[in-house]
Amino acid sequence: MRVLGIETSCDETGVAVYDSERGLLGHHLYSQIQLHSEYGGVVPELASRDHVRKLLPLVDQLLDETDSKGKIDGIAYTSGPGLIGALLVGSCVGRAIAFGWGVPAIGVHHMEGHLLAPMLEDNPPAFPFVALLVSGGHTQLVRVDGIGQYQLMGESLDDAAGEAFDKAAKMMDLDYPGGPHIAKLAERGTAGRFTFPRPMVDRPGLDFSFSGLKTYTLNTVTEHALENGLPDDQTCADIAYAFQEAVVDTLAIKCRRALKEAGMTTLIIAGGVSANKRLREKLEKDLQKINSRVFYARNEFCTDNGAMIAYAGCQRLLAGQAEGLAVKVKPRWPLADLPAVVK
Ligand code: KG4
Ligand code: ZN
């Protein structure tokens, strides 16, 4: 089965063609970063309008490049969670194309897309496993027994990990999205100059909280600020280092705890923050010690992309699931509400 995947939940227009026999045939991503940069965050209305402009030309180009015109058997589009206007663009376009071509369509849960992205790699993990979903909007630990068999084990009570990276970056006048900028700055940081708190690790359970760490970061920045309102360059790097270590450590502690609680030895990390090199290194080292393994997707499939949506949608379409003609988007949508895929 050959599936066209469409991702428009936030500020990235992603398209991909996935074939259940041949794998990923091609994909494209158009990022709106430039468009939103002067606002320091995503402006929902601008995002929707840009998806309208970019989506169809991208689809057309990809179908040509992958020789898929007339060969698509199903369409998958992100139908939630995300920005409602942005979701509506991809969902309406996807549903309409499917109707025009007489093929089935499926609305995909954005976080299920992230969760299954490591399956696009050469040595994919086998079920069951624990998934750490770390994106700009979510920080969740999920027990995964199969596709659509998700049990929430813990989540952030306030900011998501990616959001914390973005806010810490903003405090030091770095561009949005801040994660990659903090990570780059941290490479020059001095270990041990600052030690930031590891929130909620002393308490039992698998929930997270990043708002205290955010305040601690802001206080440190303010305390060392020069006349221009920012600390000197090296101090910013040292703060970025300490911040990243605190987030990575906190996530790693909870991942080990979740594996133990689930009685499992496989962890997958997914979502934008799973592109973080330090997080990957730390988990690889920690999990080796407890005879466990961590899996993640290549960098471009950690952040938002169409390939993960095409893959997830393909699995559901193969299982006979499909949407009716009505276009339904769900800005809020718990993962646990998804139906299981029984093969
Ligand atoms: O999954 P994603 O692309 O979009 C959402 O679904 O939210 O995640 C974006 C988030 C942003 O907060 C961004 O700062 C963060 O992922 N991110 C990173 C890195 N790359 C992206 N955070 C830390 N280190 C990175 N290398
Ligand atoms: Zn995402």
# chains A, B, ... in the order shown; residues from 1 in each chain; ligands from 1

call {"tool": "residues_around", "arguments": {"residues": "Tyr216 (chain A)", "least_positions_apart": "4", "cutoff": "9 Å", "atoms": "only C-alpha atoms", "output": "ChimeraX atom specification"}}
result
/A:196-197,211-212,220-221

call {"tool": "write_last_selection", "arguments": {"atoms": "all heavy atoms", "output": "PDB file, in the first residue's frame"}}
result
ATOM      1  N   PHE A 196      22.080  23.223  38.155  1.00  0.00           N
ATOM      2  CA  PHE A 196      20.651  23.545  38.201  1.00  0.00           C
ATOM      3  C   PHE A 196      19.871  22.395  38.834  1.00  0.00           C
ATOM      4  O   PHE A 196      20.302  21.255  38.785  1.00  0.00           O
ATOM      5  CB  PHE A 196      20.141  23.811  36.768  1.00  0.00           C
ATOM      6  CG  PHE A 196      20.524  25.172  36.231  1.00  0.00           C
ATOM      7  CD1 PHE A 196      21.578  25.893  36.773  1.00  0.00           C
ATOM      8  CD2 PHE A 196      19.821  25.735  35.173  1.00  0.00           C
ATOM      9  CE1 PHE A 196      21.925  27.150  36.277  1.00  0.00           C
ATOM     10  CE2 PHE A 196      20.158  26.986  34.665  1.00  0.00           C
ATOM     11  CZ  PHE A 196      21.219  27.686  35.220  1.00  0.00           C
ATOM     12  N   PRO A 197      18.700  22.690  39.419  1.00  0.00           N
ATOM     13  CA  PRO A 197      17.922  21.622  40.078  1.00  0.00           C
ATOM     14  C   PRO A 197      17.379  20.582  39.097  1.00  0.00           C
ATOM     15  O   PRO A 197      17.140  20.898  37.928  1.00  0.00           O
ATOM     16  CB  PRO A 197      16.765  22.396  40.727  1.00  0.00           C
ATOM     17  CG  PRO A 197      16.670  23.682  40.001  1.00  0.00           C
ATOM     18  CD  PRO A 197      18.040  24.012  39.507  1.00  0.00           C
ATOM     19  N   SER A 211       8.720  24.025  35.214  1.00  0.00           N
ATOM     20  CA  SER A 211       8.559  25.467  35.404  1.00  0.00           C
ATOM     21  C   SER A 211       9.529  26.011  36.463  1.00  0.00           C
ATOM     22  O   SER A 211      10.001  27.142  36.353  1.00  0.00           O
ATOM     23  CB  SER A 211       7.106  25.818  35.724  1.00  0.00           C
ATOM     24  OG  SER A 211       6.774  25.369  37.000  1.00  0.00           O
ATOM     25  N   GLY A 212       9.843  25.195  37.492  1.00  0.00           N
ATOM     26  CA  GLY A 212      10.806  25.638  38.509  1.00  0.00           C
ATOM     27  C   GLY A 212      12.193  25.819  37.916  1.00  0.00           C
ATOM     28  O   GLY A 212      12.907  26.776  38.229  1.00  0.00           O
ATOM     29  N   THR A 220      19.233  32.974  37.309  1.00  0.00           N
ATOM     30  CA  THR A 220      20.683  32.919  37.054  1.00  0.00           C
ATOM     31  C   THR A 220      21.078  33.909  35.960  1.00  0.00           C
ATOM     32  O   THR A 220      22.089  34.613  36.067  1.00  0.00           O
ATOM     33  CB  THR A 220      21.108  31.480  36.656  1.00  0.00           C
ATOM     34  OG1 THR A 220      20.521  30.566  37.572  1.00  0.00           O
ATOM     35  CG2 THR A 220      22.615  31.319  36.664  1.00  0.00           C
ATOM     36  N   VAL A 221      20.250  33.965  34.905  1.00  0.00           N
ATOM     37  CA  VAL A 221      20.534  34.909  33.815  1.00  0.00           C
ATOM     38  C   VAL A 221      20.501  36.342  34.359  1.00  0.00           C
ATOM     39  O   VAL A 221      21.419  37.148  34.108  1.00  0.00           O
ATOM     40  CB  VAL A 221      19.508  34.739  32.648  1.00  0.00           C
ATOM     41  CG1 VAL A 221      19.633  35.874  31.642  1.00  0.00           C
ATOM     42  CG2 VAL A 221      19.705  33.399  31.954  1.00  0.00           C
TER      43      VAL A 221
END

call {"tool": "residues_around", "arguments": {"residues": "Gly306 (chain A)", "least_positions_apart": "4", "cutoff": "10 Å", "atoms": "only C-alpha atoms", "output": "list in words"}}
result
Leu4, Gly5, Ile6, Glu7, Thr8, Glu12, Thr13, Gly14, Val15, Ala16, Val17, Tyr18, Gly26, His27, His28, Leu29, Ala76, Tyr77, Thr78, Gly113, Phe301, Ala310 and Tyr311 of chain A

call {"tool": "closest_residue", "arguments": {"among": "A:Val93, A:Val59, A:Met111, A:Leu35", "to": "ligand 2", "atoms": "only C-alpha atoms and all ligand atoms"}}
result
A:Met111

call {"tool": "select_by_dssp", "arguments": {"residues": "region 23-143 of chain A", "states": "strand (DSSP E)", "output": "VMD selection string"}}
result
chain A and resid 23 to 31 74 to 80 105 to 109 129 to 134 139 to 143

call {"tool": "closest_residue", "arguments": {"among": "A:Ser209, A:Ser274, A:Ser20, A:Gln315", "to": "ligand 2", "atoms": "only C-alpha atoms and all ligand atoms"}}
result
A:Ser274

call {"tool": "atom_distance", "arguments": {"atom1": "CA of Ser79 (chain A)", "atom2": "CA of Leu63 (chain A)"}}
result
21.6 Å

call {"tool": "residues_around", "arguments": {"residues": "region 41-48 of chain A", "least_positions_apart": "3", "cutoff": "7 Å", "atoms": "only C-alpha atoms", "output": "PDB file with N, CA, C and O atoms, in the first residue's frame"}}
result
ATOM      1  N   CYS A  10       1.608  22.428  13.078  1.00  0.00           N
ATOM      2  CA  CYS A  10       2.179  23.625  13.706  1.00  0.00           C
ATOM      3  C   CYS A  10       2.824  24.527  12.649  1.00  0.00           C
ATOM      4  O   CYS A  10       2.130  25.086  11.818  1.00  0.00           O
ATOM      5  N   ASP A  11       4.145  24.623  12.664  1.00  0.00           N
ATOM      6  CA  ASP A  11       4.799  25.579  11.765  1.00  0.00           C
ATOM      7  C   ASP A  11       5.657  24.901  10.707  1.00  0.00           C
ATOM      8  O   ASP A  11       6.568  25.508  10.162  1.00  0.00           O
ATOM      9  N   HIS A  36       7.953  33.272  11.333  1.00  0.00           N
ATOM     10  CA  HIS A  36       7.560  33.557  12.714  1.00  0.00           C
ATOM     11  C   HIS A  36       8.676  34.186  13.539  1.00  0.00           C
ATOM     12  O   HIS A  36       8.439  34.594  14.675  1.00  0.00           O
ATOM     13  N   SER A  37       9.891  34.245  12.961  1.00  0.00           N
ATOM     14  CA  SER A  37      11.056  34.601  13.783  1.00  0.00           C
ATOM     15  C   SER A  37      10.916  35.966  14.470  1.00  0.00           C
ATOM     16  O   SER A  37      11.283  36.108  15.631  1.00  0.00           O
ATOM     17  N   HIS A  51       0.576  27.329   5.339  1.00  0.00           N
ATOM     18  CA  HIS A  51       0.301  25.942   4.936  1.00  0.00           C
ATOM     19  C   HIS A  51      -0.540  25.932   3.659  1.00  0.00           C
ATOM     20  O   HIS A  51      -0.306  25.131   2.760  1.00  0.00           O
ATOM     21  N   VAL A  52      -1.524  26.856   3.577  1.00  0.00           N
ATOM     22  CA  VAL A  52      -2.376  26.934   2.380  1.00  0.00           C
ATOM     23  C   VAL A  52      -1.510  27.197   1.155  1.00  0.00           C
ATOM     24  O   VAL A  52      -1.670  26.584   0.103  1.00  0.00           O
ATOM     25  N   LEU A  83      -2.408  23.196  16.336  1.00  0.00           N
ATOM     26  CA  LEU A  83      -3.122  24.462  16.127  1.00  0.00           C
ATOM     27  C   LEU A  83      -4.318  24.198  15.219  1.00  0.00           C
ATOM     28  O   LEU A  83      -4.155  23.619  14.135  1.00  0.00           O
ATOM     29  N   GLY A  85      -6.294  25.865  13.179  1.00  0.00           N
ATOM     30  CA  GLY A  85      -6.302  26.347  11.794  1.00  0.00           C
ATOM     31  C   GLY A  85      -5.312  25.573  10.935  1.00  0.00           C
ATOM     32  O   GLY A  85      -5.618  25.175   9.801  1.00  0.00           O
ATOM     33  N   ALA A  86      -4.140  25.332  11.493  1.00  0.00           N
ATOM     34  CA  ALA A  86      -3.093  24.602  10.766  1.00  0.00           C
ATOM     35  C   ALA A  86      -3.542  23.167  10.494  1.00  0.00           C
ATOM     36  O   ALA A  86      -3.384  22.645   9.385  1.00  0.00           O
ATOM     37  N   VAL A  89      -6.052  22.922   7.613  1.00  0.00           N
ATOM     38  CA  VAL A  89      -5.521  23.012   6.247  1.00  0.00           C
ATOM     39  C   VAL A  89      -5.126  21.620   5.744  1.00  0.00           C
ATOM     40  O   VAL A  89      -5.605  21.151   4.706  1.00  0.00           O
ATOM     41  N   TYR A 176      14.135  31.243  18.043  1.00  0.00           N
ATOM     42  CA  TYR A 176      13.158  30.165  18.177  1.00  0.00           C
ATOM     43  C   TYR A 176      13.277  29.233  16.978  1.00  0.00           C
ATOM     44  O   TYR A 176      13.493  29.725  15.872  1.00  0.00           O
TER      45      TYR A 176
END

call {"tool": "closest_atom_pairs", "arguments": {"of": "chain A", "to": "ligand 2", "cutoff": "10 Å", "atoms": "only C-alpha atoms and all ligand atoms", "output": "CSV"}}
result
residue,atom,partner,partner_atom_place_in_ligand_line,distance
A:Glu7,CA,ligand 2,1 (Zn),9.3
A:Thr8,CA,ligand 2,1 (Zn),9.8
A:Ser9,CA,ligand 2,1 (Zn),7.8
A:Cys10,CA,ligand 2,1 (Zn),7.8
A:Asp11,CA,ligand 2,1 (Zn),9.7
A:Glu12,CA,ligand 2,1 (Zn),9.3
A:Pro81,CA,ligand 2,1 (Zn),9.2
A:Gly82,CA,ligand 2,1 (Zn),8.6
A:His110,CA,ligand 2,1 (Zn),6.4
A:Met111,CA,ligand 2,1 (Zn),6.6
A:Glu112,CA,ligand 2,1 (Zn),9.7
A:Gly113,CA,ligand 2,1 (Zn),8.3
A:His114,CA,ligand 2,1 (Zn),6.5
A:Leu115,CA,ligand 2,1 (Zn),9.9
A:Leu133,CA,ligand 2,1 (Zn),9.3
A:Val134,CA,ligand 2,1 (Zn),8.6
A:Ser135,CA,ligand 2,1 (Zn),5.7
A:Gly136,CA,ligand 2,1 (Zn),6.9
A:Gly137,CA,ligand 2,1 (Zn),7.6
A:His138,CA,ligand 2,1 (Zn),8.5
A:Ala270,CA,ligand 2,1 (Zn),8.9
A:Gly271,CA,ligand 2,1 (Zn),5.6
A:Gly272,CA,ligand 2,1 (Zn),6.5
A:Val273,CA,ligand 2,1 (Zn),9.7
A:Phe301,CA,ligand 2,1 (Zn),9.6
A:Cys302,CA,ligand 2,1 (Zn),7.9
A:Thr303,CA,ligand 2,1 (Zn),5.8
A:Asp304,CA,ligand 2,1 (Zn),4.6
A:Asn305,CA,ligand 2,1 (Zn),7.9
A:Met308,CA,ligand 2,1 (Zn),9.9

call {"tool": "write_last_selection", "arguments": {"atoms": "N, CA, C and O atoms", "output": "tab-separated table (two decimals), in the first residue's frame"}}
result
chain	number	residue	atom	x	y	z
A	7	GLU	N	1.60	16.56	7.02
A	7	GLU	CA	1.73	17.09	8.39
A	7	GLU	C	1.65	18.61	8.36
A	7	GLU	O	2.45	19.27	7.68
A	8	THR	N	0.65	19.16	9.06
A	8	THR	CA	0.53	20.63	9.15
A	8	THR	C	0.04	21.04	10.54
A	8	THR	O	-0.76	21.97	10.65
A	9	SER	N	0.51	20.37	11.61
A	9	SER	CA	-0.08	20.68	12.91
A	9	SER	C	0.44	21.96	13.54
A	9	SER	O	-0.18	22.52	14.43
A	10	CYS	N	1.61	22.43	13.08
A	10	CYS	CA	2.18	23.62	13.71
A	10	CYS	C	2.82	24.53	12.65
A	10	CYS	O	2.13	25.09	11.82
A	11	ASP	N	4.14	24.62	12.66
A	11	ASP	CA	4.80	25.58	11.76
A	11	ASP	C	5.66	24.90	10.71
A	11	ASP	O	6.57	25.51	10.16
A	12	GLU	N	5.36	23.64	10.43
A	12	GLU	CA	6.10	22.93	9.40
A	12	GLU	C	5.14	22.24	8.44
A	12	GLU	O	4.24	21.53	8.89
A	81	PRO	N	-3.03	16.32	17.93
A	81	PRO	CA	-3.31	17.65	18.48
A	81	PRO	C	-2.44	18.70	17.77
A	81	PRO	O	-1.48	18.34	17.09
A	82	GLY	N	-2.79	19.96	17.94
A	82	GLY	CA	-2.03	21.02	17.29
A	82	GLY	C	-2.86	22.29	17.18
A	82	GLY	O	-3.91	22.42	17.84
A	110	HIS	N	-0.76	13.26	15.91
A	110	HIS	CA	0.61	13.77	15.73
A	110	HIS	C	1.62	13.05	16.63
A	110	HIS	O	2.72	12.70	16.19
A	111	MET	N	1.24	12.81	17.89
A	111	MET	CA	2.19	12.17	18.81
A	111	MET	C	2.37	10.68	18.52
A	111	MET	O	3.42	10.12	18.79
A	112	GLU	N	1.35	10.05	17.94
A	112	GLU	CA	1.55	8.67	17.49
A	112	GLU	C	2.55	8.66	16.33
A	112	GLU	O	3.38	7.76	16.22
A	113	GLY	N	2.45	9.69	15.48
A	113	GLY	CA	3.43	9.82	14.40
A	113	GLY	C	4.84	9.87	14.98
A	113	GLY	O	5.72	9.09	14.61
A	114	HIS	N	5.06	10.78	15.94
A	114	HIS	CA	6.39	10.87	16.58
A	114	HIS	C	6.79	9.52	17.17
A	114	HIS	O	7.92	9.06	16.99
A	115	LEU	N	5.86	8.93	17.91
A	115	LEU	CA	6.15	7.68	18.63
A	115	LEU	C	6.60	6.56	17.69
A	115	LEU	O	7.44	5.73	18.05
A	133	LEU	N	8.10	10.71	24.96
A	133	LEU	CA	7.73	11.67	23.93
A	133	LEU	C	8.09	13.06	24.42
A	133	LEU	O	7.55	13.52	25.44
A	134	VAL	N	9.02	13.68	23.75
A	134	VAL	CA	9.50	14.99	24.20
A	134	VAL	C	9.50	15.98	23.04
A	134	VAL	O	10.39	15.98	22.20
A	135	SER	N	8.46	16.81	23.00
A	135	SER	CA	8.35	17.77	21.90
A	135	SER	C	8.14	19.16	22.47
A	135	SER	O	8.35	19.39	23.66
A	136	GLY	N	7.70	20.09	21.61
A	136	GLY	CA	7.46	21.44	22.07
A	136	GLY	C	6.20	21.54	22.92
A	136	GLY	O	6.05	22.45	23.73
A	137	GLY	N	5.28	20.60	22.74
A	137	GLY	CA	4.01	20.66	23.46
A	137	GLY	C	3.78	19.52	24.44
A	137	GLY	O	2.85	19.57	25.23
A	138	HIS	N	4.59	18.47	24.37
A	138	HIS	CA	4.36	17.29	25.19
A	138	HIS	C	5.63	16.76	25.84
A	138	HIS	O	6.70	16.79	25.22
A	270	ALA	N	11.25	10.09	21.21
A	270	ALA	CA	10.71	10.68	19.99
A	270	ALA	C	10.23	12.09	20.24
A	270	ALA	O	10.01	12.48	21.39
A	271	GLY	N	10.10	12.86	19.17
A	271	GLY	CA	9.73	14.28	19.29
A	271	GLY	C	11.00	15.13	19.19
A	271	GLY	O	12.12	14.60	19.32
A	272	GLY	N	10.82	16.42	18.99
A	272	GLY	CA	11.94	17.33	18.72
A	272	GLY	C	13.13	17.20	19.67
A	272	GLY	O	14.28	17.19	19.23
A	273	VAL	N	12.87	17.07	20.96
A	273	VAL	CA	13.96	17.03	21.94
A	273	VAL	C	14.78	15.73	21.83
A	273	VAL	O	15.93	15.68	22.26
A	301	PHE	N	13.63	13.19	11.40
A	301	PHE	CA	12.35	12.57	11.74
A	301	PHE	C	12.05	12.64	13.24
A	301	PHE	O	11.09	12.04	13.72
A	302	CYS	N	12.92	13.35	14.00
A	302	CYS	CA	12.61	13.62	15.41
A	302	CYS	C	11.70	14.82	15.49
A	302	CYS	O	10.70	14.83	16.20
A	303	THR	N	12.05	15.87	14.75
A	303	THR	CA	11.18	17.06	14.69
A	303	THR	C	10.04	16.76	13.71
A	303	THR	O	10.02	15.71	13.06
A	304	ASP	N	9.10	17.69	13.59
A	304	ASP	CA	7.91	17.44	12.78
A	304	ASP	C	8.26	17.11	11.32
A	304	ASP	O	9.16	17.73	10.74
A	305	ASN	N	7.54	16.15	10.77
A	305	ASN	CA	7.82	15.72	9.39
A	305	ASN	C	6.62	14.96	8.85
A	305	ASN	O	5.76	14.51	9.61
A	308	MET	N	6.61	10.46	9.27
A	308	MET	CA	6.04	9.76	10.43
A	308	MET	C	4.51	9.65	10.30
A	308	MET	O	3.90	8.67	10.74

call {"tool": "closest_residue", "arguments": {"among": "A:Gly154, A:Gly178, A:Gly146, A:Gly23", "to": "Leu116 (chain A)", "atoms": "only C-alpha atoms"}}
result
A:Gly146

call {"tool": "closest_residue", "arguments": {"among": "A:Pro180, A:Pro334, A:Pro57, A:Gly320", "to": "ligand 1", "atoms": "only C-alpha atoms and all ligand atoms"}}
result
A:Pro180

call {"tool": "residues_around", "arguments": {"residues": "Phe295 (chain A)", "least_positions_apart": "6", "cutoff": "8 Å", "atoms": "only C-alpha atoms", "output": "ChimeraX atom specification"}}
result
/A:118,124-125,266-269

call {"tool": "write_last_selection", "arguments": {"atoms": "N, CA and C atoms", "output": "PDB file, in the first residue's frame"}}
result
ATOM      1  N   PRO A 118      10.729   6.081  14.988  1.00  0.00           N
ATOM      2  CA  PRO A 118      11.907   5.192  14.996  1.00  0.00           C
ATOM      3  C   PRO A 118      11.706   3.932  14.135  1.00  0.00           C
ATOM      4  N   PRO A 124      14.522  -1.285  13.446  1.00  0.00           N
ATOM      5  CA  PRO A 124      13.479  -0.704  14.304  1.00  0.00           C
ATOM      6  C   PRO A 124      13.306  -1.498  15.599  1.00  0.00           C
ATOM      7  N   PRO A 125      12.837  -0.827  16.654  1.00  0.00           N
ATOM      8  CA  PRO A 125      12.587  -1.531  17.915  1.00  0.00           C
ATOM      9  C   PRO A 125      11.377  -2.466  17.778  1.00  0.00           C
ATOM     10  N   THR A 266      13.364  -1.993  26.525  1.00  0.00           N
ATOM     11  CA  THR A 266      13.479  -1.166  25.315  1.00  0.00           C
ATOM     12  C   THR A 266      12.816   0.194  25.549  1.00  0.00           C
ATOM     13  N   LEU A 267      13.589   1.230  25.240  1.00  0.00           N
ATOM     14  CA  LEU A 267      13.073   2.597  25.345  1.00  0.00           C
ATOM     15  C   LEU A 267      13.156   3.225  23.964  1.00  0.00           C
ATOM     16  N   ILE A 268      12.128   3.959  23.570  1.00  0.00           N
ATOM     17  CA  ILE A 268      12.287   4.791  22.382  1.00  0.00           C
ATOM     18  C   ILE A 268      12.110   6.254  22.812  1.00  0.00           C
ATOM     19  N   ILE A 269      12.857   7.138  22.196  1.00  0.00           N
ATOM     20  CA  ILE A 269      12.649   8.554  22.460  1.00  0.00           C
ATOM     21  C   ILE A 269      12.226   9.202  21.140  1.00  0.00           C
TER      22      ILE A 269
END

call {"tool": "residues_around", "arguments": {"residues": "region 102-106 of chain A", "least_positions_apart": "6", "cutoff": "6 Å", "atoms": "only C-alpha atoms", "output": "VMD selection string"}}
result
chain A and resid 73 to 76 322 to 323

call {"tool": "write_last_selection", "arguments": {"atoms": "C-alpha atoms", "output": "mmCIF file, in the first residue's frame"}}
result
data_model
loop_
_atom_site.group_PDB
_atom_site.id
_atom_site.type_symbol
_atom_site.label_atom_id
_atom_site.label_comp_id
_atom_site.auth_asym_id
_atom_site.auth_seq_id
_atom_site.Cartn_x
_atom_site.Cartn_y
_atom_site.Cartn_z
ATOM 1 C CA ASP A 73 -3.672 3.965 -2.263
ATOM 2 C CA GLY A 74 -4.469 6.111 0.767
ATOM 3 C CA ILE A 75 -3.951 9.518 2.385
ATOM 4 C CA ALA A 76 -2.867 10.171 5.966
ATOM 5 C CA ALA A 322 -10.502 4.982 7.647
ATOM 6 C CA GLU A 323 -12.385 8.262 8.073
#

call {"tool": "select_by_dssp", "arguments": {"residues": "region 53-275 of chain A", "states": "alpha helix (DSSP H)", "output": "VMD selection string"}}
result
chain A and resid 53 to 65 84 to 101 110 to 116 161 to 171 179 to 186 211 to 223 233 to 262

call {"tool": "write_last_selection", "arguments": {"atoms": "C-alpha atoms", "output": "compact mmCIF listing (two decimals), in the first residue's frame"}}
result
# COMPACT_ATOMS: atom_id res chain seq x y z
CA ARG A 53 0.32 28.45 0.18
CA LYS A 54 2.88 25.65 0.45
CA LEU A 55 1.02 22.36 0.82
CA LEU A 56 -0.32 21.61 -2.68
CA PRO A 57 2.85 22.58 -4.58
CA LEU A 58 4.87 20.36 -2.19
CA VAL A 59 2.49 17.43 -2.72
CA ASP A 60 2.65 17.89 -6.47
CA GLN A 61 6.45 18.01 -6.49
CA LEU A 62 6.74 14.91 -4.29
CA LEU A 63 4.29 12.87 -6.37
CA ASP A 64 6.36 13.69 -9.46
CA GLU A 65 9.67 12.87 -7.82
CA ILE A 84 -6.70 24.20 14.92
CA GLY A 85 -6.30 26.35 11.79
CA ALA A 86 -3.09 24.60 10.77
CA LEU A 87 -4.66 21.17 11.34
CA LEU A 88 -7.69 22.18 9.26
CA VAL A 89 -5.52 23.01 6.25
CA GLY A 90 -3.81 19.60 6.08
CA SER A 91 -6.98 17.72 7.00
CA CYS A 92 -9.20 19.44 4.42
CA VAL A 93 -6.61 19.08 1.68
CA GLY A 94 -5.91 15.44 2.59
CA ARG A 95 -9.59 14.51 2.86
CA ALA A 96 -10.43 16.28 -0.41
CA ILE A 97 -7.59 14.66 -2.38
CA ALA A 98 -8.63 11.24 -1.06
CA PHE A 99 -12.23 11.89 -2.15
CA GLY A 100 -11.08 13.06 -5.58
CA TRP A 101 -8.90 10.00 -6.09
CA HIS A 110 0.61 13.77 15.73
CA MET A 111 2.19 12.17 18.81
CA GLU A 112 1.55 8.67 17.49
CA GLY A 113 3.43 9.82 14.40
CA HIS A 114 6.39 10.87 16.58
CA LEU A 115 6.15 7.68 18.63
CA LEU A 116 6.37 5.46 15.55
CA ALA A 161 10.71 19.81 27.82
CA GLY A 162 10.94 21.46 24.38
CA GLU A 163 9.03 24.48 25.65
CA ALA A 164 11.53 24.77 28.53
CA PHE A 165 14.39 24.73 26.00
CA ASP A 166 12.60 27.40 23.95
CA LYS A 167 11.98 29.64 26.97
CA ALA A 168 15.53 29.28 28.31
CA ALA A 169 16.81 30.21 24.84
CA LYS A 170 14.60 33.30 24.73
CA MET A 171 16.05 34.45 28.09
CA GLY A 179 16.48 23.65 21.61
CA PRO A 180 19.16 23.36 18.92
CA HIS A 181 20.61 26.79 19.89
CA ILE A 182 20.89 25.87 23.58
CA ALA A 183 22.48 22.53 22.61
CA LYS A 184 25.04 24.30 20.40
CA LEU A 185 25.85 26.93 23.02
CA ALA A 186 26.19 24.22 25.70
CA SER A 211 8.56 25.47 35.40
CA GLY A 212 10.81 25.64 38.51
CA LEU A 213 13.86 24.98 36.36
CA LYS A 214 12.72 27.77 34.06
CA THR A 215 12.52 30.21 36.98
CA TYR A 216 15.92 29.07 38.24
CA THR A 217 17.38 29.70 34.78
CA LEU A 218 15.81 33.16 34.60
CA ASN A 219 17.18 34.04 38.05
CA THR A 220 20.68 32.92 37.05
CA VAL A 221 20.53 34.91 33.82
CA THR A 222 19.30 38.02 35.66
CA GLU A 223 21.90 37.67 38.40
CA ASP A 233 29.03 35.03 26.18
CA GLN A 234 30.87 32.41 28.26
CA THR A 235 28.38 32.73 31.13
CA CYS A 236 25.51 32.14 28.66
CA ALA A 237 27.30 29.00 27.46
CA ASP A 238 27.78 27.84 31.07
CA ILE A 239 24.09 28.45 31.81
CA ALA A 240 23.07 26.59 28.64
CA TYR A 241 25.28 23.68 29.71
CA ALA A 242 23.83 23.53 33.24
CA PHE A 243 20.27 23.85 31.93
CA GLN A 244 20.70 21.08 29.37
CA GLU A 245 22.34 18.77 31.94
CA ALA A 246 19.42 19.32 34.33
CA VAL A 247 16.79 18.52 31.68
CA VAL A 248 18.70 15.51 30.33
CA ASP A 249 19.38 14.11 33.80
CA THR A 250 15.75 14.53 34.84
CA LEU A 251 14.48 12.80 31.71
CA ALA A 252 17.01 9.97 32.05
CA ILE A 253 16.13 9.30 35.70
CA LYS A 254 12.43 9.02 34.84
CA CYS A 255 13.12 6.84 31.78
CA ARG A 256 15.05 4.33 33.90
CA ARG A 257 12.28 4.38 36.48
CA ALA A 258 9.62 3.82 33.79
CA LEU A 259 11.49 0.86 32.28
CA LYS A 260 11.77 -0.69 35.72
CA GLU A 261 8.09 -0.11 36.46
CA ALA A 262 7.00 -1.59 33.12

call {"tool": "atom_distance", "arguments": {"atom1": "CA of Ser68 (chain A)", "atom2": "CA of Asp19 (chain A)"}}
result
10.2 Å

call {"tool": "atom_distance", "arguments": {"atom1": "CA of Arg332 (chain A)", "atom2": "CA of Asp207 (chain A)"}}
result
19.4 Å

call {"tool": "residues_around", "arguments": {"residues": "Gly148 (chain A)", "least_positions_apart": "2", "cutoff": "9 Å", "atoms": "only C-alpha atoms", "output": "ChimeraX atom specification"}}
result
/A:112,144-146,150,335-342

call {"tool": "write_last_selection", "arguments": {"atoms": "C-alpha atoms", "output": "mmCIF file, in the first residue's frame"}}
result
data_model
loop_
_atom_site.group_PDB
_atom_site.id
_atom_site.type_symbol
_atom_site.label_atom_id
_atom_site.label_comp_id
_atom_site.auth_asym_id
_atom_site.auth_seq_id
_atom_site.Cartn_x
_atom_site.Cartn_y
_atom_site.Cartn_z
ATOM 1 C CA GLU A 112 1.550 8.668 17.491
ATOM 2 C CA VAL A 144 3.476 0.865 24.288
ATOM 3 C CA ASP A 145 2.280 -2.719 23.777
ATOM 4 C CA GLY A 146 1.545 -2.310 20.065
ATOM 5 C CA TYR A 150 -0.838 3.192 24.692
ATOM 6 C CA LEU A 335 -3.100 9.242 22.944
ATOM 7 C CA ALA A 336 -4.878 6.626 25.042
ATOM 8 C CA ASP A 337 -8.134 7.333 23.128
ATOM 9 C CA LEU A 338 -6.712 5.834 19.929
ATOM 10 C CA PRO A 339 -8.078 2.481 18.783
ATOM 11 C CA ALA A 340 -5.653 -0.445 18.757
ATOM 12 C CA VAL A 341 -4.361 -1.768 15.459
ATOM 13 C CA VAL A 342 -5.029 -5.483 15.384
#

call {"tool": "residues_around", "arguments": {"residues": "Arg298 (chain A)", "least_positions_apart": "6", "cutoff": "9 Å", "atoms": "only C-alpha atoms", "output": "PyMOL selection string"}}
result
chain A and resi 117-118+120-121+275

call {"tool": "closest_residue", "arguments": {"among": "A:Leu174, A:Ile72, A:Ala326, A:Ala319", "to": "ligand 1", "atoms": "only C-alpha atoms and all ligand atoms"}}
result
A:Leu174
